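Q: Got start31.tsv for you, TSV, C-alpha atoms:
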```
chain	number	residue	atom	x	y	z
A	1	MET	CA	109.46	0.54	-147.71
A	2	THR	CA	108.09	0.13	-144.23
A	3	THR	CA	108.96	2.53	-141.48
A	4	THR	CA	107.50	3.03	-138.07
A	5	THR	CA	109.51	6.13	-137.32
A	6	MET	CA	107.83	9.47	-137.51
A	7	THR	CA	108.69	11.58	-140.50
A	8	THR	CA	107.44	14.77	-142.02
A	9	ASN	CA	108.05	13.52	-145.56
A	10	GLU	CA	104.68	12.29	-146.67
A	11	THR	CA	104.88	9.62	-149.33
A	12	GLU	CA	102.08	8.25	-151.47
A	13	PRO	CA	100.83	4.89	-150.24
A	14	THR	CA	101.95	2.03	-152.42
A	15	THR	CA	98.71	1.51	-154.27
A	16	ALA	CA	100.43	-0.98	-156.56
A	17	LEU	CA	100.28	-3.55	-153.76
A	18	PRO	CA	96.85	-5.14	-153.59
A	19	VAL	CA	97.43	-6.29	-150.00
A	20	ARG	CA	99.37	-4.40	-147.36
A	21	ARG	CA	99.79	-6.31	-144.12
A	22	ALA	CA	99.00	-5.04	-140.66
A	23	LEU	CA	102.16	-4.75	-138.57
A	24	PRO	CA	102.40	-4.80	-134.78
A	25	GLY	CA	101.42	-1.62	-132.97
A	26	PHE	CA	98.85	-0.38	-135.49
A	27	HIS	CA	101.22	0.15	-138.37
A	28	TRP	CA	101.00	-1.14	-141.92
A	29	GLU	CA	103.36	-2.30	-144.63
A	30	GLY	CA	104.29	0.57	-146.93
A	31	VAL	CA	102.54	3.21	-144.81
A	32	ASP	CA	104.68	5.88	-143.17
A	33	THR	CA	103.90	7.23	-139.72
A	34	LEU	CA	103.70	10.99	-140.07
A	35	ARG	CA	103.32	14.06	-137.95
A	36	TYR	CA	99.63	14.79	-137.38
A	37	LYS	CA	100.00	18.34	-138.73
A	38	ASP	CA	102.90	19.66	-140.74
A	39	ASP	CA	102.47	23.39	-140.32
A	40	GLY	CA	104.25	23.62	-136.98
A	41	ALA	CA	101.80	26.21	-135.68
A	42	THR	CA	98.70	24.14	-134.94
A	43	PRO	CA	98.30	23.04	-131.34
A	44	PHE	CA	98.04	19.31	-130.66
A	45	ARG	CA	99.75	16.80	-128.41
A	46	ASP	CA	101.14	13.36	-129.20
A	47	VAL	CA	99.24	12.52	-132.37
A	48	THR	CA	100.47	10.54	-135.38
A	49	ARG	CA	98.91	10.16	-138.81
A	50	GLN	CA	99.05	7.33	-141.34
A	51	VAL	CA	97.44	7.62	-144.77
A	52	LEU	CA	96.04	4.16	-145.52
A	53	PHE	CA	94.32	4.83	-148.84
A	54	GLN	CA	94.54	7.73	-151.28
A	55	LEU	CA	92.87	6.22	-154.34
A	56	PRO	CA	92.12	8.98	-156.86
A	57	GLU	CA	89.03	7.06	-158.00
A	58	LEU	CA	87.49	7.31	-154.53
A	59	HIS	CA	87.93	11.09	-154.12
A	60	CYS	CA	88.58	10.33	-150.46
A	61	GLU	CA	91.48	9.75	-148.11
A	62	TRP	CA	91.27	7.08	-145.46
A	63	ARG	CA	93.64	7.86	-142.60
A	64	TYR	CA	94.53	6.37	-139.21
A	65	PHE	CA	95.29	8.80	-136.40
A	66	GLU	CA	96.60	7.78	-133.05
A	67	VAL	CA	96.52	10.02	-129.99
A	68	ALA	CA	98.90	8.85	-127.25
A	69	PRO	CA	97.59	8.59	-123.67
A	70	GLY	CA	96.84	12.08	-122.38
A	71	GLY	CA	97.19	13.62	-125.85
A	72	HIS	CA	94.71	15.52	-127.99
A	73	SER	CA	93.99	16.45	-131.59
A	74	THR	CA	93.49	20.05	-132.64
A	75	LEU	CA	90.29	21.87	-131.72
A	76	GLU	CA	89.11	22.97	-135.15
A	77	THR	CA	86.23	23.33	-137.56
A	78	HIS	CA	85.92	23.16	-141.36
A	79	GLN	CA	83.31	22.88	-144.07
A	80	HIS	CA	84.15	19.27	-144.88
A	81	ALA	CA	82.83	16.30	-142.92
A	82	HIS	CA	84.59	13.43	-141.15
A	83	ALA	CA	83.48	9.83	-140.80
A	84	VAL	CA	85.35	8.19	-137.93
A	85	MET	CA	85.63	4.70	-136.44
A	86	ILE	CA	87.57	4.19	-133.22
A	87	LEU	CA	90.03	1.36	-133.86
A	88	ARG	CA	92.12	1.29	-130.68
A	89	GLY	CA	91.78	2.31	-127.06
A	90	ARG	CA	89.43	4.91	-125.70
A	91	GLY	CA	88.95	8.57	-124.99
A	92	ARG	CA	86.50	11.39	-125.46
A	93	CYS	CA	85.54	13.66	-128.28
A	94	LEU	CA	83.84	17.01	-128.61
A	95	VAL	CA	81.47	17.23	-131.57
A	96	ASP	CA	79.57	20.50	-131.85
A	97	ASP	CA	78.40	21.19	-128.32
A	98	ARG	CA	78.63	17.76	-126.72
A	99	ILE	CA	81.37	15.56	-125.30
A	100	HIS	CA	81.13	11.81	-125.87
A	101	ALA	CA	83.09	8.94	-124.37
A	102	VAL	CA	84.26	6.68	-127.20
A	103	ALA	CA	85.78	3.22	-127.37
A	104	GLU	CA	86.72	0.56	-129.93
A	105	ARG	CA	84.55	0.40	-133.03
A	106	ASP	CA	82.29	3.29	-132.03
A	107	LEU	CA	81.32	5.47	-135.01
A	108	VAL	CA	81.63	9.26	-134.89
A	109	THR	CA	80.11	11.65	-137.43
A	110	VAL	CA	81.65	15.11	-137.58
A	111	PRO	CA	79.25	17.17	-139.71
A	112	PRO	CA	80.34	20.22	-141.67
A	113	ASN	CA	81.20	23.27	-139.56
A	114	ALA	CA	81.19	21.40	-136.25
A	115	TRP	CA	83.86	22.22	-133.70
A	116	HIS	CA	85.58	18.97	-132.81
A	117	GLN	CA	88.48	17.63	-130.77
A	118	PHE	CA	89.60	14.13	-129.79
A	119	ARG	CA	91.35	13.37	-126.51
A	120	ALA	CA	92.82	10.05	-125.40
A	121	ASP	CA	92.23	8.92	-121.86
A	122	ASP	CA	95.26	9.31	-119.59
A	123	ASP	CA	95.82	5.55	-119.45
A	124	ALA	CA	95.03	4.50	-123.04
A	125	PRO	CA	95.77	5.59	-126.58
A	126	LEU	CA	92.96	6.65	-128.87
A	127	GLY	CA	93.40	5.36	-132.41
A	128	PHE	CA	90.80	6.06	-135.04
A	129	LEU	CA	90.10	5.69	-138.74
A	130	CYS	CA	89.06	8.98	-140.34
A	131	LEU	CA	87.57	9.35	-143.78
A	132	VAL	CA	87.75	12.71	-145.50
A	133	ASN	CA	87.31	14.14	-148.99
A	134	HIS	CA	90.51	14.51	-150.95
A	135	ASP	CA	89.52	18.05	-151.97
A	136	ARG	CA	88.65	19.93	-148.84
A	137	ASP	CA	88.92	23.30	-147.13
A	138	ARG	CA	91.59	24.06	-144.56
A	139	PRO	CA	90.63	23.70	-140.89
A	140	ARG	CA	89.93	26.89	-138.97
A	141	LEU	CA	91.33	27.33	-135.45
A	142	PRO	CA	89.23	28.97	-132.74
A	143	LEU	CA	89.31	32.73	-132.34
A	144	PRO	CA	88.89	34.25	-128.87
A	145	GLU	CA	85.16	34.73	-129.54
A	146	ASP	CA	84.80	31.06	-130.47
A	147	LEU	CA	86.49	30.04	-127.24
A	148	ASP	CA	84.26	32.41	-125.29
A	149	ARG	CA	81.18	30.85	-126.79
A	150	LEU	CA	82.35	27.24	-126.41
A	151	GLY	CA	83.51	27.94	-122.86
A	152	ARG	CA	80.06	29.00	-121.67
A	153	ASP	CA	79.43	25.29	-121.12
A	154	PRO	CA	81.61	24.41	-118.10
A	155	GLU	CA	82.01	20.81	-119.28
A	156	ILE	CA	83.34	21.99	-122.63
A	157	ALA	CA	85.50	24.64	-120.97
A	158	ALA	CA	87.16	21.90	-118.92
A	159	PHE	CA	87.52	19.59	-121.91
A	160	ILE	CA	89.03	21.64	-124.70
A	161	ARG	CA	92.79	21.98	-125.15
A	162	THR	CA	94.12	24.88	-127.18
A	163	ALA	CA	97.86	24.58	-126.53
A	164	SER	CA	100.37	21.89	-127.52
B	1	MET	CA	66.28	1.72	-133.76
B	2	THR	CA	68.80	-1.03	-133.41
B	3	THR	CA	68.26	-4.40	-134.97
B	4	THR	CA	70.59	-7.28	-135.48
B	5	THR	CA	68.15	-9.26	-137.58
B	6	MET	CA	68.69	-9.41	-141.30
B	7	THR	CA	66.31	-7.36	-143.39
B	8	THR	CA	66.07	-6.37	-147.00
B	9	ASN	CA	64.68	-2.94	-146.12
B	10	GLU	CA	67.66	-0.69	-146.25
B	11	THR	CA	67.34	2.37	-144.09
B	12	GLU	CA	69.49	5.46	-144.07
B	13	PRO	CA	71.96	5.50	-141.22
B	14	THR	CA	71.00	7.93	-138.50
B	15	THR	CA	73.43	10.65	-139.38
B	16	ALA	CA	71.81	12.90	-136.79
B	17	LEU	CA	73.59	10.93	-134.06
B	18	PRO	CA	77.18	12.11	-133.72
B	19	VAL	CA	78.20	8.90	-131.94
B	20	ARG	CA	76.81	5.44	-132.65
B	21	ARG	CA	78.05	2.80	-130.26
B	22	ALA	CA	79.60	-0.51	-131.22
B	23	LEU	CA	77.38	-3.40	-130.12
B	24	PRO	CA	78.48	-6.97	-129.42
B	25	GLY	CA	79.11	-9.15	-132.45
B	26	PHE	CA	80.22	-6.41	-134.84
B	27	HIS	CA	76.95	-4.54	-134.97
B	28	TRP	CA	76.30	-0.87	-134.34
B	29	GLU	CA	73.56	1.30	-132.87
B	30	GLY	CA	71.15	2.45	-135.53
B	31	VAL	CA	72.73	0.32	-138.28
B	32	ASP	CA	70.62	-2.44	-139.80
B	33	THR	CA	72.12	-5.74	-140.83
B	34	LEU	CA	71.13	-6.30	-144.43
B	35	ARG	CA	71.36	-8.91	-147.11
B	36	TYR	CA	74.66	-8.59	-148.96
B	37	LYS	CA	72.90	-8.31	-152.33
B	38	ASP	CA	69.24	-7.58	-152.87
B	39	ASP	CA	68.72	-8.77	-156.41
B	40	GLY	CA	68.21	-12.43	-155.53
B	41	ALA	CA	70.15	-13.60	-158.59
B	42	THR	CA	73.76	-12.91	-157.61
B	43	PRO	CA	75.64	-15.88	-156.20
B	44	PHE	CA	77.15	-15.53	-152.73
B	45	ARG	CA	77.04	-17.47	-149.49
B	46	ASP	CA	76.49	-16.26	-145.93
B	47	VAL	CA	77.35	-12.59	-146.25
B	48	THR	CA	75.77	-9.65	-144.43
B	49	ARG	CA	76.11	-5.93	-145.10
B	50	GLN	CA	75.91	-2.93	-142.80
B	51	VAL	CA	76.12	0.63	-144.10
B	52	LEU	CA	78.07	2.57	-141.48
B	53	PHE	CA	78.31	5.97	-143.17
B	54	GLN	CA	76.48	7.44	-146.13
B	55	LEU	CA	77.34	11.11	-145.74
B	56	PRO	CA	76.40	13.01	-148.90
B	57	GLU	CA	79.32	15.39	-148.34
B	58	LEU	CA	81.82	12.53	-148.60
B	59	HIS	CA	80.56	11.09	-151.91
B	60	CYS	CA	81.42	7.70	-150.45
B	61	GLU	CA	79.76	4.87	-148.59
B	62	TRP	CA	81.57	3.12	-145.81
B	63	ARG	CA	80.20	-0.39	-145.32
B	64	TYR	CA	80.97	-3.42	-143.14
B	65	PHE	CA	80.57	-6.84	-144.72
B	66	GLU	CA	80.81	-10.09	-142.84
B	67	VAL	CA	81.29	-13.43	-144.52
B	68	ALA	CA	80.41	-16.35	-142.22
B	69	PRO	CA	82.88	-19.27	-141.90
B	70	GLY	CA	83.02	-21.10	-145.23
B	71	GLY	CA	81.10	-18.36	-147.05
B	72	HIS	CA	82.08	-16.16	-149.95
B	73	SER	CA	81.26	-12.85	-151.60
B	74	THR	CA	80.35	-12.60	-155.27
B	75	LEU	CA	83.05	-13.03	-157.91
B	76	GLU	CA	82.64	-9.78	-159.81
B	77	THR	CA	84.30	-6.83	-161.48
B	78	HIS	CA	83.35	-3.17	-161.98
B	79	GLN	CA	84.84	0.13	-162.99
B	80	HIS	CA	84.82	1.53	-159.49
B	81	ALA	CA	87.49	0.82	-156.89
B	82	HIS	CA	87.30	-0.60	-153.37
B	83	ALA	CA	89.41	0.26	-150.35
B	84	VAL	CA	89.16	-2.53	-147.77
B	85	MET	CA	90.36	-3.14	-144.21
B	86	ILE	CA	89.85	-6.54	-142.61
B	87	LEU	CA	88.22	-5.93	-139.24
B	88	ARG	CA	87.44	-9.45	-137.99
B	89	GLY	CA	88.67	-12.97	-138.55
B	90	ARG	CA	90.55	-14.23	-141.57
B	91	GLY	CA	90.19	-15.63	-145.03
B	92	ARG	CA	91.48	-15.23	-148.55
B	93	CYS	CA	90.74	-12.88	-151.40
B	94	LEU	CA	91.23	-12.95	-155.12
B	95	VAL	CA	92.30	-9.58	-156.57
B	96	ASP	CA	93.03	-9.60	-160.29
B	97	ASP	CA	95.08	-12.74	-160.83
B	98	ARG	CA	96.36	-13.45	-157.32
B	99	ILE	CA	94.98	-14.98	-154.14
B	100	HIS	CA	96.03	-13.47	-150.84
B	101	ALA	CA	95.57	-14.70	-147.28
B	102	VAL	CA	94.19	-11.83	-145.18
B	103	ALA	CA	93.72	-11.24	-141.47
B	104	GLU	CA	92.73	-8.49	-139.05
B	105	ARG	CA	93.68	-4.95	-140.10
B	106	ASP	CA	95.26	-5.96	-143.41
B	107	LEU	CA	94.52	-3.46	-146.19
B	108	VAL	CA	93.23	-4.58	-149.58
B	109	THR	CA	93.09	-2.39	-152.68
B	110	VAL	CA	90.70	-3.53	-155.40
B	111	PRO	CA	91.56	-1.40	-158.44
B	112	PRO	CA	89.07	-0.62	-161.20
B	113	ASN	CA	88.16	-3.57	-163.42
B	114	ALA	CA	89.83	-6.18	-161.22
B	115	TRP	CA	88.05	-9.50	-160.69
B	116	HIS	CA	87.70	-10.01	-156.95
B	117	GLN	CA	86.15	-12.37	-154.44
B	118	PHE	CA	86.45	-12.73	-150.67
B	119	ARG	CA	86.19	-16.09	-148.89
B	120	ALA	CA	86.17	-16.68	-145.14
B	121	ASP	CA	88.23	-19.54	-143.78
B	122	ASP	CA	86.15	-22.58	-142.78
B	123	ASP	CA	86.74	-21.95	-139.08
B	124	ALA	CA	86.51	-18.14	-138.90
B	125	PRO	CA	84.35	-15.31	-140.18
B	126	LEU	CA	85.82	-12.66	-142.44
B	127	GLY	CA	84.57	-9.18	-141.59
B	128	PHE	CA	85.83	-6.18	-143.50
B	129	LEU	CA	85.30	-2.47	-143.94
B	130	CYS	CA	84.79	-1.51	-147.58
B	131	LEU	CA	84.85	2.01	-148.93
B	132	VAL	CA	83.17	2.74	-152.24
B	133	ASN	CA	81.98	5.75	-154.21
B	134	HIS	CA	78.34	6.60	-153.75
B	135	ASP	CA	77.92	6.95	-157.52
B	136	ARG	CA	79.24	3.79	-159.12
B	137	ASP	CA	78.65	1.33	-161.91
B	138	ARG	CA	76.92	-1.97	-161.33
B	139	PRO	CA	79.12	-5.04	-160.79
B	140	ARG	CA	79.53	-7.42	-163.71
B	141	LEU	CA	79.35	-11.18	-163.15
B	142	PRO	CA	81.70	-13.53	-164.99
B	143	LEU	CA	80.71	-14.85	-168.41
B	144	PRO	CA	81.85	-18.32	-169.46
B	145	GLU	CA	84.83	-16.82	-171.28
B	146	ASP	CA	85.86	-14.93	-168.12
B	147	LEU	CA	85.73	-18.15	-166.13
B	148	ASP	CA	87.73	-19.93	-168.82
B	149	ARG	CA	90.42	-17.29	-168.64
B	150	LEU	CA	90.50	-17.08	-164.82
B	151	GLY	CA	90.47	-20.87	-164.57
B	152	ARG	CA	93.67	-21.30	-166.57
B	153	ASP	CA	95.45	-20.72	-163.26
B	154	PRO	CA	94.76	-23.91	-161.25
B	155	GLU	CA	95.01	-22.04	-157.94
B	156	ILE	CA	92.34	-19.57	-159.06
B	157	ALA	CA	90.23	-22.37	-160.55
B	158	ALA	CA	90.20	-24.07	-157.15
B	159	PHE	CA	89.49	-20.80	-155.30
B	160	ILE	CA	86.63	-19.14	-157.11
B	161	ARG	CA	83.01	-19.85	-156.20
B	162	THR	CA	80.31	-19.05	-158.74
B	163	ALA	CA	77.25	-20.59	-157.10
B	164	SER	CA	75.41	-19.69	-153.88
```
Could you render the structure as structure tokens?
A:
Amino acid sequence: MTTTTMTTNETEPTTALPVRRALPGFHWEGVDTLRYKDDGATPFRDVTRQVLFQLPELHCEWRYFEVAPGGHSTLETHQHAHAVMILRGRGRCLVDDRIHAVAERDLVTVPPNAWHQFRADDDAPLGFLCLVNHDRDRPRLPLPEDLDRLGRDPEIAAFIRTAS
Amino acid sequence: MTTTTMTTNETEPTTALPVRRALPGFHWEGVDTLRYKDDGATPFRDVTRQVLFQLPELHCEWRYFEVAPGGHSTLETHQHAHAVMILRGRGRCLVDDRIHAVAERDLVTVPPNAWHQFRADDDAPLGFLCLVNHDRDRPRLPLPEDLDRLGRDPEIAAFIRTAS
């Protein structure tokens, strides 16, 4: 089944199909477009999630996230790492204590325990592939003391978004 | 160091850099362009390899392979799986007992123990992202009896390439 509507019902990708075609608008055959986060309490704006591969043999999940123009992912940290390739559009990302402009095919490494957030530019989406371990810890949201520390850098203070 | 020349000296990607820029021609900052196979005995034609991510935390390697127009990867099988996204151009791939035309952003699942081979069209390269476990078995090349069995399908017999 192919759907491009957003749903909160995550389904396993159809791994039985050896080839799943790209569809217009950065969607794929047999891949549902999901809410970025399901918990309803995590702040983000205009982000979708598609799980492209969930092969048990690989111990990894390969996802595609897309942040709409002006939107942002959640400012968070966790013990697991991310390997990211920008696939569509452009924006900026915070990794640790630096903000980077990113565009198509740029590679981003989010090491363990690094604060990170992705923001799309106001006039472009930011779509990116994100590789993550299947077994991983839950992200941690910033506490007031984390925001105090991050906000000592005026560039970071102006960049981070902590509300939906 | 950035180099776009082919070398057999594989270097670790610079994981210290949080962002590595895309360079023209499907190359990346700090990523060497390598021979597809180093053993000198495996048949393939006009394929390069770039290791984009080798994060120990992820237990996976995320590579980019590019097959030049008319070229082909090795016909092989192994116990480990591949998750593939076509990133550039078009071509065809054998997975198990079927040949599929593939183009940009199509997803290909190579399950364990499936014979597989990628061929670029004659007038286009075929570049693809390929995710694989860091710890994996060595590929197995076809024996005469494997080729006999594969070749019973005339479409597969005409597709497969077993010489460089």
Q: Near Ala103 (chain A), counting only C-alpha atoms, which residues have an atom at most 8 Å away, once you skip same-chain residues fewer than 4 positions from it, shown as a PyMOL selection string?
A: chain A and resi 86-91
Q: With C-alpha atoms retained, could you export that selection as a compact mmCIF listing (two decimals), in the frame of the given file?
A:
```txt
# COMPACT_ATOMS: atom_id res chain seq x y z
CA ILE A 86 87.57 4.19 -133.22
CA LEU A 87 90.03 1.36 -133.86
CA ARG A 88 92.12 1.29 -130.68
CA GLY A 89 91.78 2.31 -127.06
CA ARG A 90 89.43 4.91 -125.70
CA GLY A 91 88.95 8.57 -124.99
```
Q: Give me the residues of chain B that have any atom at most 7 Å from an atom of chain A; for each, the nearest atom pair and the distance in Å, rounded to one decimal. Use all atoms listed in the file, sort by chain and number, and format it as a Markdown table.
A:
```
| residue | atom | partner | partner_atom | distance |
| --- | --- | --- | --- | --- |
| B:Pro18 | CA | A:Thr109 | CA | 4.7 |
| B:Val19 | CA | A:Val108 | CA | 4.5 |
| B:Arg20 | CA | A:Leu107 | CA | 5.1 |
| B:Arg21 | CA | A:Asp106 | CA | 4.6 |
| B:Ala22 | CA | A:Asp106 | CA | 4.7 |
| B:Phe53 | CA | A:Ala83 | CA | 6.9 |
| B:Glu57 | CA | A:Ala81 | CA | 6.5 |
| B:Leu58 | CA | A:Asn133 | CA | 5.7 |
| B:Ala81 | CA | A:Glu57 | CA | 6.5 |
| B:Ala83 | CA | A:Phe53 | CA | 6.9 |
| B:Arg105 | CA | A:Ala22 | CA | 5.4 |
| B:Asp106 | CA | A:Arg21 | CA | 4.6 |
| B:Leu107 | CA | A:Arg20 | CA | 5.1 |
| B:Val108 | CA | A:Val19 | CA | 4.6 |
| B:Thr109 | CA | A:Pro18 | CA | 4.7 |
| B:Val110 | CA | A:Pro18 | CA | 6.6 |
| B:Val132 | CA | A:Leu58 | CA | 6.7 |
| B:Asn133 | CA | A:Leu58 | CA | 5.7 |
```
Q: Rounded to one decimal place, report the CA of Pro24 (chain A)-CA of Tyr64 (chain A) distance in Å.
A: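 Computed distance, CA of Pro24 (chain A) to CA of Tyr64 (chain A), equals 14.4 Å.
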Q: Given the choices B:Ala163, B:Ala68, B:Val31, B:Leu147, which gets closest to Thr48 (chain B) if the distance is worked out from all atoms listed in the file?
A: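 Among the listed residues, the smallest separation from Thr48 (chain B) belongs to B:Ala68.
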Q: What is the CA of Gln50 (chain A)-CA of Pro125 (chain A) distance in Å, reported with one decimal?
A: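 Going from CA of Gln50 (chain A) over to CA of Pro125 (chain A), I get 15.2 Å.
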Q: Record the distance separating CA of Leu34 (chain A) and CA of Gln117 (chain A), expressed in Å with one decimal.
A: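 Taking CA of Leu34 (chain A) and CA of Gln117 (chain A), their separation equals 19.0 Å.
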